[in-house]
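Engineer: I have a structure here, written as structure tokens, and I will follow up with some questions on it.
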Amino acid sequence: MPDALEQRLIGELTTPVDPGVGAFADALARACPVLPLGVLFYGSLLRKADPDGILDFYIITENAAGFAGGLVARTGNLVLPPNVRYSEFRHDGQVLRAKIAVLSQAQFEARTGLGALDTTIWARFCQPVRLVWVRDPQSADAILSLIAGCVTTAACWAALLGQASMTAVEFWQTLFAHTYASELRVEKKGRGNSILEGQEARYAALLTLGWARGHLQFSAHGDRLEPVIHEELRRKAARRWALIQTSGRPRNVARLLKAAFTFENGASYLAWKIQRHTGFDMQLSPFESRHPLVMLPRLLWRARGLLARSKA
């Protein structure tokens, strides 16, 4: 029987999405070496539709047998997950574009707990998400449990990092300020606050549901909440977060370096980004599309020239 948090998340996960997004997810799932457990859709285009934007998908596989690509790519996804690739899909005459990350169920679960040093999973999937493709009811239950774990961990860290008494929104603002600071991100300062805009009621509800699931007691005084946290636990949490912060950026730099060898269709992604921001088409040759690493110096030189022309 789902607990109160899971019951709330079921409605969110199953909210209908644009048919093109669902068709794209279906195509991605069926192209996997083994049918995955499910495909999650999240990110900025879930919050605000943009026909010219780029969708964000996470494919959750049952195990490493579901990883695509050659030996280097599969090894990279085992050692430093997730692998990311770029893909395009045509639906009703429109080209949809997406970044696709791949994680196994065990890898995902390992990154949802309070002890995880990597914040990238639970910090993303405490935000709105849709389960746009699922293999079977058992897989749906497994993914629901993973997402509930993300929300629970996020809510508990919000309490541990926040002040003794804050509003629900202030707890979340504090949390996102910390998670963005722990990663190598290019977003402007205060980016975490924009995530909450228009979703304040959702986050307020999930905060206390997450505390309840994590067995964290609290009291409410008007709109202010006071979680019951002993000072020793706060000190322990501060030491743990310091470790998360110092390890987060080197880990993300390593992921960027790994992406040079494992980012499938990276040249096409670069070309799309250049066209979106400048209007210039890089017109990749078949060889450049197939061998982006070999052609990287040339691609970067061409991209530099196009950017200079766009500013002229």
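To be explicit about the labels: the chains of the structure tokens are called A, B, and onward in the order shown, and within each one the residues are counted from 1, while ligands get numbers from 1 in the order they are shown.
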Could you give me, as a ChimeraX atom specification, the residues within 9 Å of range 118-135 of chain A, counting only C-alpha atoms and dropping anything in the same chain fewer than 6 positions from it?

Structural biologist: /A:12-17,21-23,25-26,29,35-43,46-47,108,111-112,143-144,146-155,175-176,179,182-183,195,203,206,244,247-248,251

Engineer: Please produce a file of the residues just selected, as a tab-separated table (two decimals), in the first residue's frame, where the atoms kept are N, CA and C atoms.

Structural biologist:
chain	number	residue	atom	x	y	z
A	12	GLU	N	1.20	12.83	-9.83
A	12	GLU	CA	2.15	13.67	-10.54
A	12	GLU	C	2.84	12.88	-11.65
A	13	LEU	N	3.30	11.68	-11.32
A	13	LEU	CA	4.03	10.86	-12.29
A	13	LEU	C	3.17	10.48	-13.49
A	14	THR	N	1.87	10.33	-13.27
A	14	THR	CA	0.97	9.85	-14.33
A	14	THR	C	0.20	10.97	-15.02
A	15	THR	N	0.51	12.23	-14.71
A	15	THR	CA	-0.12	13.35	-15.40
A	15	THR	C	0.23	13.28	-16.89
A	16	PRO	N	-0.76	13.37	-17.79
A	16	PRO	CA	-0.48	13.26	-19.23
A	16	PRO	C	0.49	14.33	-19.72
A	17	VAL	N	1.27	13.97	-20.72
A	17	VAL	CA	2.21	14.89	-21.36
A	17	VAL	C	1.85	15.00	-22.84
A	21	VAL	N	6.04	13.82	-26.80
A	21	VAL	CA	6.97	13.42	-25.74
A	21	VAL	C	6.80	11.93	-25.44
A	22	GLY	N	5.55	11.49	-25.36
A	22	GLY	CA	5.30	10.07	-25.10
A	22	GLY	C	5.80	9.19	-26.23
A	23	ALA	N	5.60	9.62	-27.47
A	23	ALA	CA	6.06	8.83	-28.62
A	23	ALA	C	7.58	8.77	-28.66
A	25	ALA	N	9.61	8.96	-26.04
A	25	ALA	CA	10.02	8.06	-24.96
A	25	ALA	C	9.83	6.60	-25.36
A	26	ASP	N	8.72	6.31	-26.03
A	26	ASP	CA	8.45	4.94	-26.48
A	26	ASP	C	9.53	4.47	-27.45
A	29	ALA	N	12.78	3.78	-25.51
A	29	ALA	CA	12.72	2.55	-24.72
A	29	ALA	C	12.89	1.33	-25.61
A	35	LEU	N	14.51	-4.05	-22.81
A	35	LEU	CA	13.48	-3.08	-22.41
A	35	LEU	C	13.77	-2.56	-21.01
A	36	PRO	N	13.83	-1.24	-20.83
A	36	PRO	CA	14.13	-0.68	-19.50
A	36	PRO	C	12.93	-0.78	-18.58
A	37	LEU	N	13.15	-0.40	-17.32
A	37	LEU	CA	12.02	-0.33	-16.39
A	37	LEU	C	11.09	0.82	-16.77
A	38	GLY	N	11.69	1.96	-17.12
A	38	GLY	CA	10.86	3.11	-17.46
A	38	GLY	C	11.67	4.27	-17.99
A	39	VAL	N	10.96	5.28	-18.47
A	39	VAL	CA	11.57	6.50	-18.98
A	39	VAL	C	10.93	7.68	-18.25
A	40	LEU	N	11.76	8.51	-17.63
A	40	LEU	CA	11.30	9.68	-16.90
A	40	LEU	C	11.55	10.94	-17.73
A	41	PHE	N	10.60	11.85	-17.68
A	41	PHE	CA	10.70	13.15	-18.34
A	41	PHE	C	10.67	14.22	-17.27
A	42	TYR	N	11.65	15.10	-17.28
A	42	TYR	CA	11.76	16.13	-16.24
A	42	TYR	C	12.41	17.37	-16.86
A	43	GLY	N	12.65	18.38	-16.04
A	43	GLY	CA	13.42	19.53	-16.48
A	43	GLY	C	12.61	20.73	-16.90
A	46	LEU	N	9.42	20.50	-19.05
A	46	LEU	CA	8.25	20.01	-18.34
A	46	LEU	C	7.56	21.17	-17.63
A	47	ARG	N	8.37	22.08	-17.08
A	47	ARG	CA	7.79	23.23	-16.39
A	47	ARG	C	7.20	24.24	-17.36
A	108	PHE	N	20.61	4.31	-9.56
A	108	PHE	CA	19.65	5.36	-9.18
A	108	PHE	C	19.38	5.30	-7.68
A	111	ARG	N	21.86	6.67	-5.22
A	111	ARG	CA	21.99	8.13	-5.22
A	111	ARG	C	20.75	8.83	-4.69
A	112	THR	N	19.88	8.09	-4.02
A	112	THR	CA	18.66	8.69	-3.47
A	112	THR	C	18.69	8.82	-1.95
A	143	ILE	N	9.91	2.39	-9.67
A	143	ILE	CA	10.28	3.77	-9.98
A	143	ILE	C	9.60	4.74	-9.02
A	144	LEU	N	8.36	4.46	-8.65
A	144	LEU	CA	7.67	5.29	-7.66
A	144	LEU	C	8.46	5.32	-6.36
A	146	LEU	N	11.66	4.90	-6.01
A	146	LEU	CA	12.88	5.68	-6.23
A	146	LEU	C	12.59	7.18	-6.13
A	147	ILE	N	11.51	7.62	-6.76
A	147	ILE	CA	11.18	9.05	-6.73
A	147	ILE	C	10.80	9.49	-5.32
A	148	ALA	N	10.06	8.65	-4.61
A	148	ALA	CA	9.72	8.98	-3.22
A	148	ALA	C	10.97	9.08	-2.37
A	149	GLY	N	11.96	8.24	-2.65
A	149	GLY	CA	13.23	8.34	-1.93
A	149	GLY	C	13.94	9.66	-2.19
A	150	CYS	N	13.87	10.12	-3.43
A	150	CYS	CA	14.47	11.42	-3.77
A	150	CYS	C	13.81	12.55	-2.99
A	151	VAL	N	12.50	12.56	-2.95
A	151	VAL	CA	11.78	13.62	-2.25
A	151	VAL	C	12.08	13.57	-0.76
A	152	THR	N	12.11	12.36	-0.20
A	152	THR	CA	12.38	12.21	1.23
A	152	THR	C	13.76	12.74	1.58
A	153	THR	N	14.76	12.36	0.81
A	153	THR	CA	16.12	12.82	1.06
A	153	THR	C	16.22	14.34	0.91
A	154	ALA	N	15.60	14.89	-0.14
A	154	ALA	CA	15.63	16.34	-0.34
A	154	ALA	C	14.96	17.06	0.84
A	155	ALA	N	13.82	16.56	1.27
A	155	ALA	CA	13.11	17.21	2.38
A	155	ALA	C	13.93	17.16	3.66
A	175	LEU	N	17.77	24.66	0.42
A	175	LEU	CA	18.26	23.40	-0.14
A	175	LEU	C	18.83	23.60	-1.53
A	176	PHE	N	18.07	24.22	-2.42
A	176	PHE	CA	18.52	24.37	-3.81
A	176	PHE	C	19.74	25.28	-3.91
A	179	THR	N	22.50	22.80	-3.20
A	179	THR	CA	22.75	21.79	-4.22
A	179	THR	C	23.36	22.40	-5.48
A	182	SER	N	26.99	22.98	-4.96
A	182	SER	CA	27.82	21.78	-4.86
A	182	SER	C	28.14	21.17	-6.22
A	183	GLU	N	27.51	21.69	-7.28
A	183	GLU	CA	27.72	21.14	-8.61
A	183	GLU	C	28.38	22.18	-9.51
A	195	ILE	N	12.81	27.63	-9.67
A	195	ILE	CA	12.19	26.30	-9.71
A	195	ILE	C	10.91	26.27	-8.90
A	203	TYR	N	5.55	22.09	-3.34
A	203	TYR	CA	6.74	21.87	-2.53
A	203	TYR	C	6.41	21.90	-1.04
A	206	LEU	N	5.01	18.47	-0.24
A	206	LEU	CA	6.02	17.41	-0.30
A	206	LEU	C	7.02	17.50	0.84
A	244	ILE	N	30.22	16.58	0.71
A	244	ILE	CA	29.46	16.58	-0.54
A	244	ILE	C	29.91	17.73	-1.44
A	247	SER	N	33.50	17.26	-2.92
A	247	SER	CA	33.61	16.17	-3.89
A	247	SER	C	32.74	16.39	-5.12
A	248	GLY	N	31.76	17.28	-5.02
A	248	GLY	CA	30.79	17.44	-6.11
A	248	GLY	C	31.38	18.00	-7.39
A	251	ARG	N	33.79	15.66	-9.26
A	251	ARG	CA	33.02	14.57	-9.88
A	251	ARG	C	32.37	15.03	-11.17

Engineer: Report as an MDAnalysis selection string: the residues of range 91-162 of chain A with a DSSP assignment of helix (DSSP H, G or I), based on the backbone of this structure.

Structural biologist: chainID A and resid 105:110 120:125 137:161

Engineer: Find the spatial neighbours of Gln173 in chain A, counting only C-alpha atoms, within a cut-off of 12 Å - ignore same-chain residues fewer than 4 positions away - and output them as a list in words.

Structural biologist: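 After dropping sequence-adjacent residues, the list is Ala154, Ala155, Trp157, Ala158, Ala159, Leu161, Gly162, Gln163, Met166, Thr167, Ala168, Val169, Ala177, His178, Thr179, Tyr180, Lys189, Gly190, Arg191, Gly192, Asn193, Ser194, Ile195, Leu196, Glu197, Glu200, Tyr203, Ala204 and Leu207 of chain A.
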
Engineer: Have a look at A:Ala220, A:Asp92, A:Asp3, A:Arg8 and name the one nearest to Ala205 in chain A; count only C-alpha atoms.

Structural biologist: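 So, comparing all the options, the nearest one is A:Arg8.
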
Engineer: State, in Å with one decimal place, the distance from CA of Phe67 in chain A to CA of Asp141 in chain A.

Structural biologist: 21.5 Å

Engineer: As a list in words, please: the residues near Val34 in chain A (cut-off 10 Å, only C-alpha atoms, same-chain neighbours under 2 positions excluded).

Structural biologist: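 My reading of the contact set: Ala29, Arg30, Ala31, Cys32, Pro36, Leu37, Thr61, Glu62, Asn63, Ala64, Ala65, Gly66, Phe67 and Ala68 of chain A.
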
Engineer: Record the distance separating CA of Lys236 in chain A and CA of Ala116 in chain A, expressed in Å with one decimal.

Structural biologist: 14.4 Å

Engineer: Using only C-alpha atoms, which protein or nucleic acid residues come within 9 Å of Gly53 in chain A? Drop anything in the same chain fewer than 6 positions from it, and give the result as number ranges by chain.

Structural biologist: A: 44-45, 96-98, 276

Engineer: To one decimal place in Å, what is the distance between CA of Lys99 in chain A and CA of Trp241 in chain A?

Structural biologist: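 CA of Lys99 in chain A sits 28.9 Å away from CA of Trp241 in chain A.
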
Engineer: Using only C-alpha atoms, pick whichever of A:Cys156, A:Asp56, A:Gln245, A:Pro33 has the shortest atom-to-atom distance to Leu233 in chain A.

Structural biologist: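 The closest residue to Leu233 in chain A is A:Cys156.
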
Engineer: DSSP says strand (DSSP E or B) for which residues of range 5-50 of chain A? Put them as number ranges by chain?

Structural biologist: A: 38-42
